[in-house]
>>> print(open('model-v4.txt').read())   # compact mmCIF, C-alpha atoms
# COMPACT_ATOMS: atom_id res chain seq x y z
CA THR A 3 127.58 72.21 190.76
CA LEU A 4 123.97 72.34 189.59
CA PHE A 5 125.18 73.39 186.11
CA VAL A 6 127.78 70.64 185.96
CA ASN A 7 125.26 68.03 187.13
CA SER A 8 122.78 69.28 184.56
CA LEU A 9 125.47 69.19 181.85
CA LYS A 10 126.52 65.68 182.86
CA GLY A 11 122.89 64.55 182.99
CA ARG A 12 122.14 65.92 179.53
CA GLY A 13 125.37 64.37 178.25
CA LEU A 14 124.38 60.98 179.57
CA ALA A 15 120.94 61.33 177.99
CA ALA A 16 122.61 62.17 174.66
CA GLY A 17 124.94 59.18 174.88
CA ILE A 18 128.02 61.09 176.10
CA PRO A 19 129.24 59.11 179.11
CA LYS A 20 131.76 61.67 180.33
CA PHE A 21 132.46 65.34 179.67
CA ASN A 22 136.12 66.15 180.14
CA LEU A 23 135.78 69.20 182.39
CA ASP A 24 139.59 69.61 182.58
CA ARG A 25 139.96 70.42 178.89
CA LEU A 26 141.42 73.79 177.90
CA ALA A 27 139.27 76.21 175.96
CA SER A 28 140.59 76.67 172.44
CA ASN A 29 139.82 78.72 169.38
CA SER A 30 137.43 76.73 167.20
CA MET A 31 137.81 78.69 163.93
CA ALA A 32 139.89 75.95 162.27
CA SER A 33 137.42 73.20 163.14
CA HIS A 34 134.43 75.29 162.03
CA ARG A 35 136.13 76.09 158.73
CA LEU A 36 136.89 72.40 158.23
CA ILE A 37 133.33 71.27 158.96
CA GLN A 38 131.96 73.89 156.57
CA HIS A 39 134.44 72.83 153.85
CA VAL A 40 133.59 69.15 154.32
CA GLY A 41 129.87 69.95 154.07
CA LYS A 42 130.37 71.79 150.80
CA ARG A 43 132.57 69.06 149.37
CA TYR A 44 130.95 65.83 150.64
CA GLY A 45 127.48 66.81 151.86
CA LEU A 46 125.87 67.59 155.17
CA THR A 47 125.62 64.00 156.38
CA VAL A 48 129.41 63.70 156.18
CA SER A 49 130.04 67.10 157.79
CA GLU A 50 127.59 66.30 160.60
CA THR A 51 129.35 62.99 161.23
CA LEU A 52 132.68 64.83 161.40
CA TYR A 53 131.10 67.44 163.70
CA ASP A 54 129.86 64.65 166.00
CA ARG A 55 133.35 63.11 166.05
CA LEU A 56 134.96 66.47 166.84
CA ASN A 57 132.53 66.98 169.72
CA VAL A 58 133.81 63.72 171.24
CA TYR A 59 137.39 64.78 170.41
CA TYR A 60 136.93 68.03 172.35
CA PHE A 61 134.28 67.45 175.02
CA VAL A 62 135.09 63.85 175.96
CA GLU A 63 138.73 63.29 174.99
CA GLY A 64 139.73 66.86 175.96
CA HIS A 65 141.83 67.70 172.88
CA ALA A 66 142.27 71.27 171.66
CA LEU A 67 140.36 72.26 168.54
CA ASN A 68 143.25 74.43 167.39
CA ASP A 69 145.84 71.61 167.47
CA LYS A 70 145.88 71.48 163.68
CA PRO A 71 148.08 68.39 163.16
CA ARG A 72 145.99 66.30 165.59
CA LEU A 73 142.75 67.73 164.17
CA ALA A 74 143.89 66.82 160.63
CA LYS A 75 144.68 63.24 161.71
CA VAL A 76 141.29 62.71 163.39
CA ALA A 77 139.42 64.35 160.50
CA ALA A 78 141.24 62.24 157.89
CA GLU A 79 140.49 59.03 159.81
CA THR A 80 136.83 60.03 160.16
CA LEU A 81 136.42 60.98 156.49
CA SER A 82 138.08 57.76 155.37
CA LYS A 83 135.69 55.64 157.46
CA VAL A 84 132.54 57.59 156.62
CA LEU A 85 133.18 57.91 152.89
CA ALA A 86 134.01 54.21 152.62
CA HIS A 87 130.38 53.52 153.64
CA ASP A 88 128.56 56.45 152.06
CA ASN A 89 129.96 58.96 149.59
CA PRO A 90 127.06 61.00 148.18
CA THR A 91 129.23 63.30 146.03
CA GLY A 92 131.76 60.69 144.87
CA GLU A 93 134.66 62.96 145.91
CA THR A 94 137.90 61.30 147.04
CA PRO A 95 138.41 61.64 150.82
CA MET A 96 140.87 64.35 151.82
CA ASN A 97 143.98 62.86 153.40
CA GLU A 98 145.76 64.13 156.50
CA LYS A 99 148.25 66.25 154.51
CA GLU A 100 145.48 67.92 152.46
CA ILE A 101 143.45 68.64 155.58
CA LEU A 102 146.46 70.14 157.37
CA LYS A 103 147.18 72.36 154.34
CA PHE A 104 143.53 73.49 154.40
CA LEU A 105 143.66 74.17 158.17
CA ASN A 106 146.82 76.24 157.80
CA GLY A 107 145.15 78.44 155.16
CA ASN A 108 142.25 80.88 155.40
CA GLN A 109 139.71 79.32 153.03
CA GLY A 110 136.22 79.53 154.56
CA ARG A 111 137.17 82.06 157.24
CA ARG A 112 135.08 84.88 155.73
CA GLU A 113 132.00 82.62 155.62
CA ILE A 114 132.44 81.61 159.27
CA ASP A 115 132.94 85.27 160.28
CA ASP A 116 129.76 86.17 158.34
CA ALA A 117 127.84 83.36 160.07
CA LEU A 118 129.04 84.56 163.48
CA ARG A 119 127.82 88.10 162.68
CA ALA A 120 124.44 86.71 161.57
CA LEU A 121 124.17 84.67 164.78
CA GLY A 122 124.94 87.79 166.82
CA GLN A 123 122.18 89.67 165.00
CA LEU A 124 119.80 86.82 165.89
CA GLY A 125 120.81 87.14 169.55
CA VAL A 126 122.74 83.86 169.67
CA HIS A 127 125.72 84.23 171.99
CA GLY A 128 126.21 80.63 173.11
CA ILE A 129 125.85 77.10 171.83
CA PRO A 130 124.22 74.78 171.29
CA LYS A 131 121.22 76.49 169.73
CA PHE A 132 118.80 75.06 167.21
CA ILE A 133 116.99 77.23 164.66
CA VAL A 134 113.94 75.39 163.40
CA GLU A 135 112.24 76.57 160.18
CA GLY A 136 114.58 79.55 160.12
CA THR A 137 112.64 81.34 162.88
CA HIS A 138 112.17 79.25 166.05
CA MET A 139 115.24 79.44 168.27
CA VAL A 140 115.61 76.64 170.82
CA ASP A 141 118.34 76.43 173.44
CA GLY A 142 120.36 73.22 173.25
CA ALA A 143 119.56 72.52 176.90
CA ALA A 144 115.82 72.50 176.20
CA GLY A 145 114.06 69.30 177.10
CA PRO A 146 112.69 66.89 174.52
CA GLU A 147 109.14 68.19 175.02
CA THR A 148 110.13 71.50 173.37
CA PHE A 149 111.37 69.75 170.24
CA ILE A 150 108.44 67.33 170.17
CA ARG A 151 105.99 70.25 170.26
CA LEU A 152 107.78 72.05 167.41
CA PHE A 153 108.04 68.95 165.24
CA ARG A 154 104.42 67.94 165.92
CA ASP A 155 103.32 71.41 164.76
CA ILE A 156 105.29 70.94 161.53
CA GLU A 157 103.85 67.45 161.15
CA LYS A 158 100.27 68.82 161.51
CA ARG A 159 100.94 71.46 158.83
CA GLY A 160 102.43 68.83 156.54
CA LYS A 161 105.29 71.07 155.44
CA ILE A 162 108.19 73.11 156.73
CA ALA A 163 107.40 76.82 156.79
CA GLY A 164 110.97 78.10 156.44
CA GLY A 165 114.27 76.91 155.17
CA PRO A 166 117.95 76.90 156.00
CA ILE A 167 119.22 80.33 156.91
CA PHE A 168 122.97 79.77 156.71
CA GLY A 169 123.36 77.94 153.38
CA ASP A 170 123.97 81.15 151.42
CA ILE A 171 126.20 82.66 154.11
CA LEU A 172 128.38 79.54 154.30
CA GLY A 173 128.41 78.96 150.54
CA VAL A 174 126.63 75.61 150.73
CA SER A 175 124.86 74.90 147.44
CA ASN A 176 121.15 74.06 147.27
CA ASP A 177 122.09 70.66 145.81
CA ILE A 178 124.10 69.86 148.95
CA VAL A 179 121.30 71.15 151.20
CA LYS A 180 118.80 68.93 149.34
CA LEU A 181 120.97 65.88 150.07
CA GLY A 182 120.07 66.56 153.70
CA SER A 183 121.63 65.33 156.89
CA HIS A 184 120.65 63.04 159.71
CA THR A 185 118.69 60.82 157.39
CA ARG A 186 117.67 57.38 158.58
CA GLU A 187 120.52 55.94 156.52
CA SER A 188 123.08 58.33 158.03
CA LEU A 189 121.97 57.47 161.55
CA LEU A 190 122.47 53.79 160.78
CA LEU A 191 125.88 54.64 159.31
CA ASP A 192 126.84 56.43 162.56
CA GLU A 193 126.25 53.20 164.41
CA ALA A 194 128.47 51.30 161.94
CA VAL A 195 131.32 53.83 162.11
>>> encode(input="model-v4.txt", output="structure tokens")
Amino acid sequence: TLFVNSLKGRGLAAGIPKFNLDRLASNSMASHRLIQHVGKRYGLTVSETLYDRLNVYYFVEGHALNDKPRLAKVAAETLSKVLAHDNPTGETPMNEKEILKFLNGNQGRREIDDALRALGQLGVHGIPKFIVEGTHMVDGAAGPETFIRLFRDIEKRGKIAGGPIFGDILGVSNDIVKLGSHTRESLLLDEAV
């Protein structure tokens, strides 16, 4: 009960009013492949927005991440909304049929498998985890003071000491990485969508 209360409390603090604790566990390979593909095609802001939507889809609404037709529908709706407001690469949004075809294939699977091996080598066996500057590993349940301390240290130095560690593994180009994610503009867009 302590874990559930802690999970619920952290969810409330993060703006998640209710975790659906009755959901069935499901294989997340398809959703991870999709998020990676979207990041490569449309940029990290778009893939992070889709990732946020899929977290609600799974954790709050209780839908399975391996229900490919439903996943394709939600992803297509999300991409359509997000890319109507902000389309950094100018690519046409994938429609439901294209997304379902992608999900039924294997594109991106090797990259996700490689990322999982790399995470295992780093000692990551559960999520969420944050890797800051490519070296500092922070558990997702860490309190805000942990992140504040890390970011204040970076602020004092005036630069980031490391860089992304999964861009090469996942096949995300440096141009896409440089577009960034969670910019002020993207956070305002999240509120609009």
>>> closest_residue(input="model-v4.txt", among="A:Leu172, A:Ala143, A:Leu152, A:Ala66", to="Ile37 of chain A", atoms="all atoms listed in the file")
A:Leu172
>>> closest_residue(input="model-v4.txt", among="A:Phe168, A:Phe132, A:Tyr53, A:Phe153", to="Thr80 of chain A", atoms="only C-alpha atoms")
A:Tyr53
>>> closest_residue(input="model-v4.txt", among="A:Ile129, A:Ile171, A:Val140, A:Val48", to="Ala86 of chain A", atoms="all atoms listed in the file")
A:Val48
>>> atom_distance(input="model-v4.txt", atom1="atom CA of Ala163 of chain A", atom2="atom CA of Glu50 of chain A")
23.1 Å
>>> residues_around(input="model-v4.txt", residues="Lys103 of chain A", least_positions_apart="6", cutoff="10 Å", atoms="all atoms listed in the file", output="VMD selection string")
chain A and resid 70 to 71 74
>>> closest_residue(input="model-v4.txt", among="A:Arg111, A:Arg154, A:Ile133, A:Lys75", to="Asn97 of chain A", atoms="only C-alpha atoms")
A:Lys75
>>> atom_distance(input="model-v4.txt", atom1="atom CA of Gly169 of chain A", atom2="atom CA of Arg72 of chain A")
28.2 Å
>>> residues_around(input="model-v4.txt", residues="Ile101 of chain A", least_positions_apart="5", cutoff="12 Å", atoms="all atoms listed in the file", output="ChimeraX atom specification")
/A:32-33,35-37,39-40,70-81,95-96,106-107,109
>>> write_last_selection(input="model-v4.txt", atoms="C-alpha atoms", output="PDB file, keeping the file's coordinate frame")
ATOM      1  CA  ALA A  32     139.890  75.950 162.270  1.00  0.00           C
ATOM      2  CA  SER A  33     137.420  73.200 163.140  1.00  0.00           C
ATOM      3  CA  ARG A  35     136.130  76.090 158.730  1.00  0.00           C
ATOM      4  CA  LEU A  36     136.890  72.400 158.230  1.00  0.00           C
ATOM      5  CA  ILE A  37     133.330  71.270 158.960  1.00  0.00           C
ATOM      6  CA  HIS A  39     134.440  72.830 153.850  1.00  0.00           C
ATOM      7  CA  VAL A  40     133.590  69.150 154.320  1.00  0.00           C
ATOM      8  CA  LYS A  70     145.880  71.480 163.680  1.00  0.00           C
ATOM      9  CA  PRO A  71     148.080  68.390 163.160  1.00  0.00           C
ATOM     10  CA  ARG A  72     145.990  66.300 165.590  1.00  0.00           C
ATOM     11  CA  LEU A  73     142.750  67.730 164.170  1.00  0.00           C
ATOM     12  CA  ALA A  74     143.890  66.820 160.630  1.00  0.00           C
ATOM     13  CA  LYS A  75     144.680  63.240 161.710  1.00  0.00           C
ATOM     14  CA  VAL A  76     141.290  62.710 163.390  1.00  0.00           C
ATOM     15  CA  ALA A  77     139.420  64.350 160.500  1.00  0.00           C
ATOM     16  CA  ALA A  78     141.240  62.240 157.890  1.00  0.00           C
ATOM     17  CA  GLU A  79     140.490  59.030 159.810  1.00  0.00           C
ATOM     18  CA  THR A  80     136.830  60.030 160.160  1.00  0.00           C
ATOM     19  CA  LEU A  81     136.420  60.980 156.490  1.00  0.00           C
ATOM     20  CA  PRO A  95     138.410  61.640 150.820  1.00  0.00           C
ATOM     21  CA  MET A  96     140.870  64.350 151.820  1.00  0.00           C
ATOM     22  CA  ASN A 106     146.820  76.240 157.800  1.00  0.00           C
ATOM     23  CA  GLY A 107     145.150  78.440 155.160  1.00  0.00           C
ATOM     24  CA  GLN A 109     139.710  79.320 153.030  1.00  0.00           C
TER      25      GLN A 109
END
>>> decode(input="model-v4.txt", residues="segment 65-174 of chain A", atoms="C-alpha atoms", output="JSON list (two decimals), in the first residue's frame")
[["chain", "number", "residue", "atom", "x", "y", "z"],
["A", 65, "HIS", "CA", -5.16, 0.37, -22.73],
["A", 66, "ALA", "CA", -2.64, -2.23, -23.87],
["A", 67, "LEU", "CA", 0.47, -0.95, -25.62],
["A", 68, "ASN", "CA", 0.46, -3.95, -27.95],
["A", 69, "ASP", "CA", -3.09, -3.33, -29.25],
["A", 70, "LYS", "CA", -1.71, -2.15, -32.58],
["A", 71, "PRO", "CA", -4.94, -0.93, -34.23],
["A", 72, "ARG", "CA", -5.90, 1.16, -31.17],
["A", 73, "LEU", "CA", -2.31, 2.37, -30.77],
["A", 74, "ALA", "CA", -2.25, 3.44, -34.45],
["A", 75, "LYS", "CA", -5.51, 5.37, -34.03],
["A", 76, "VAL", "CA", -4.32, 7.26, -30.93],
["A", 77, "ALA", "CA", -0.90, 7.95, -32.46],
["A", 78, "ALA", "CA", -2.43, 9.26, -35.71],
["A", 79, "GLU", "CA", -4.78, 11.57, -33.79],
["A", 80, "THR", "CA", -1.90, 12.83, -31.66],
["A", 81, "LEU", "CA", 0.43, 13.43, -34.62],
["A", 82, "SER", "CA", -2.30, 15.24, -36.53],
["A", 83, "LYS", "CA", -2.95, 17.62, -33.62],
["A", 84, "VAL", "CA", 0.70, 18.22, -32.74],
["A", 85, "LEU", "CA", 1.96, 18.70, -36.29],
["A", 86, "ALA", "CA", -0.88, 21.11, -37.08],
["A", 87, "HIS", "CA", 0.63, 23.44, -34.43],
["A", 88, "ASP", "CA", 4.34, 22.74, -34.81],
["A", 89, "ASN", "CA", 6.04, 20.75, -37.55],
["A", 90, "PRO", "CA", 9.80, 21.30, -37.28],
["A", 91, "THR", "CA", 10.73, 18.92, -40.12],
["A", 92, "GLY", "CA", 7.85, 19.77, -42.48],
["A", 93, "GLU", "CA", 7.03, 16.05, -42.90],
["A", 94, "THR", "CA", 3.40, 15.09, -43.57],
["A", 95, "PRO", "CA", 1.80, 13.43, -40.51],
["A", 96, "MET", "CA", 1.57, 9.65, -40.74],
["A", 97, "ASN", "CA", -2.04, 8.51, -40.94],
["A", 98, "GLU", "CA", -3.59, 5.60, -39.06],
["A", 99, "LYS", "CA", -3.04, 3.13, -41.93],
["A", 100, "GLU", "CA", 0.65, 4.08, -42.30],
["A", 101, "ILE", "CA", 1.21, 3.79, -38.56],
["A", 102, "LEU", "CA", -0.47, 0.38, -38.41],
["A", 103, "LYS", "CA", 1.69, -0.84, -41.32],
["A", 104, "PHE", "CA", 4.77, 0.41, -39.44],
["A", 105, "LEU", "CA", 3.65, -1.28, -36.19],
["A", 106, "ASN", "CA", 3.09, -4.58, -37.98],
["A", 107, "GLY", "CA", 6.64, -4.51, -39.38],
["A", 108, "ASN", "CA", 10.02, -4.74, -37.66],
["A", 109, "GLN", "CA", 11.59, -1.38, -38.54],
["A", 110, "GLY", "CA", 13.39, 0.04, -35.49],
["A", 111, "ARG", "CA", 13.36, -3.22, -33.53],
["A", 112, "ARG", "CA", 17.16, -3.70, -33.71],
["A", 113, "GLU", "CA", 17.73, -0.16, -32.38],
["A", 114, "ILE", "CA", 15.34, -0.72, -29.46],
["A", 115, "ASP", "CA", 17.00, -4.08, -28.68],
["A", 116, "ASP", "CA", 20.42, -2.35, -28.78],
["A", 117, "ALA", "CA", 19.16, 0.40, -26.44],
["A", 118, "LEU", "CA", 17.81, -2.21, -24.02],
["A", 119, "ARG", "CA", 21.22, -3.95, -23.97],
["A", 120, "ALA", "CA", 22.95, -0.61, -23.35],
["A", 121, "LEU", "CA", 20.54, 0.15, -20.49],
["A", 122, "GLY", "CA", 21.27, -3.26, -18.97],
["A", 123, "GLN", "CA", 25.00, -2.54, -19.14],
["A", 124, "LEU", "CA", 24.35, 0.74, -17.30],
["A", 125, "GLY", "CA", 22.45, -1.16, -14.60],
["A", 126, "VAL", "CA", 19.02, 0.16, -15.57],
["A", 127, "HIS", "CA", 16.41, -2.52, -14.99],
["A", 128, "GLY", "CA", 13.31, -0.41, -14.39],
["A", 129, "ILE", "CA", 11.75, 2.85, -15.46],
["A", 130, "PRO", "CA", 11.52, 5.72, -15.23],
["A", 131, "LYS", "CA", 15.19, 6.63, -15.05],
["A", 132, "PHE", "CA", 16.82, 9.86, -16.11],
["A", 133, "ILE", "CA", 20.41, 10.02, -17.37],
["A", 134, "VAL", "CA", 21.70, 13.55, -17.05],
["A", 135, "GLU", "CA", 24.83, 14.59, -18.98],
["A", 136, "GLY", "CA", 25.27, 10.98, -20.06],
["A", 137, "THR", "CA", 26.62, 9.95, -16.64],
["A", 138, "HIS", "CA", 24.31, 10.87, -13.72],
["A", 139, "MET", "CA", 21.56, 8.29, -13.28],
["A", 140, "VAL", "CA", 18.50, 9.45, -11.35],
["A", 141, "ASP", "CA", 15.56, 7.26, -10.42],
["A", 142, "GLY", "CA", 12.24, 8.57, -11.69],
["A", 143, "ALA", "CA", 10.86, 8.50, -8.15],
["A", 144, "ALA", "CA", 13.56, 10.90, -6.93],
["A", 145, "GLY", "CA", 12.26, 14.08, -5.40],
["A", 146, "PRO", "CA", 12.60, 17.47, -7.07],
["A", 147, "GLU", "CA", 15.56, 18.40, -4.85],
["A", 148, "THR", "CA", 17.72, 15.80, -6.64],
["A", 149, "PHE", "CA", 17.00, 17.32, -10.05],
["A", 150, "ILE", "CA", 17.36, 20.88, -8.77],
["A", 151, "ARG", "CA", 20.82, 20.06, -7.38],
["A", 152, "LEU", "CA", 21.95, 18.49, -10.67],
["A", 153, "PHE", "CA", 20.61, 21.33, -12.81],
["A", 154, "ARG", "CA", 22.04, 24.00, -10.48],
["A", 155, "ASP", "CA", 25.47, 22.35, -10.83],
["A", 156, "ILE", "CA", 25.15, 22.51, -14.62],
["A", 157, "GLU", "CA", 23.97, 26.11, -14.37],
["A", 158, "LYS", "CA", 27.05, 27.04, -12.26],
["A", 159, "ARG", "CA", 29.39, 25.43, -14.82],
["A", 160, "GLY", "CA", 27.61, 27.24, -17.64],
["A", 161, "LYS", "CA", 27.63, 24.20, -19.92],
["A", 162, "ILE", "CA", 26.57, 20.58, -20.14],
["A", 163, "ALA", "CA", 29.47, 18.21, -19.56],
["A", 164, "GLY", "CA", 28.13, 15.26, -21.56],
["A", 165, "GLY", "CA", 25.71, 14.62, -24.32],
["A", 166, "PRO", "CA", 22.99, 12.24, -25.40],
["A", 167, "ILE", "CA", 24.03, 8.64, -25.10],
["A", 168, "PHE", "CA", 21.31, 6.94, -27.13],
["A", 169, "GLY", "CA", 21.18, 9.07, -30.29],
["A", 170, "ASP", "CA", 23.64, 6.86, -32.17],
["A", 171, "ILE", "CA", 22.11, 3.63, -30.87],
["A", 172, "LEU", "CA", 18.59, 4.67, -31.88],
["A", 173, "GLY", "CA", 19.68, 6.19, -35.19],
["A", 174, "VAL", "CA", 18.58, 9.72, -34.29]]
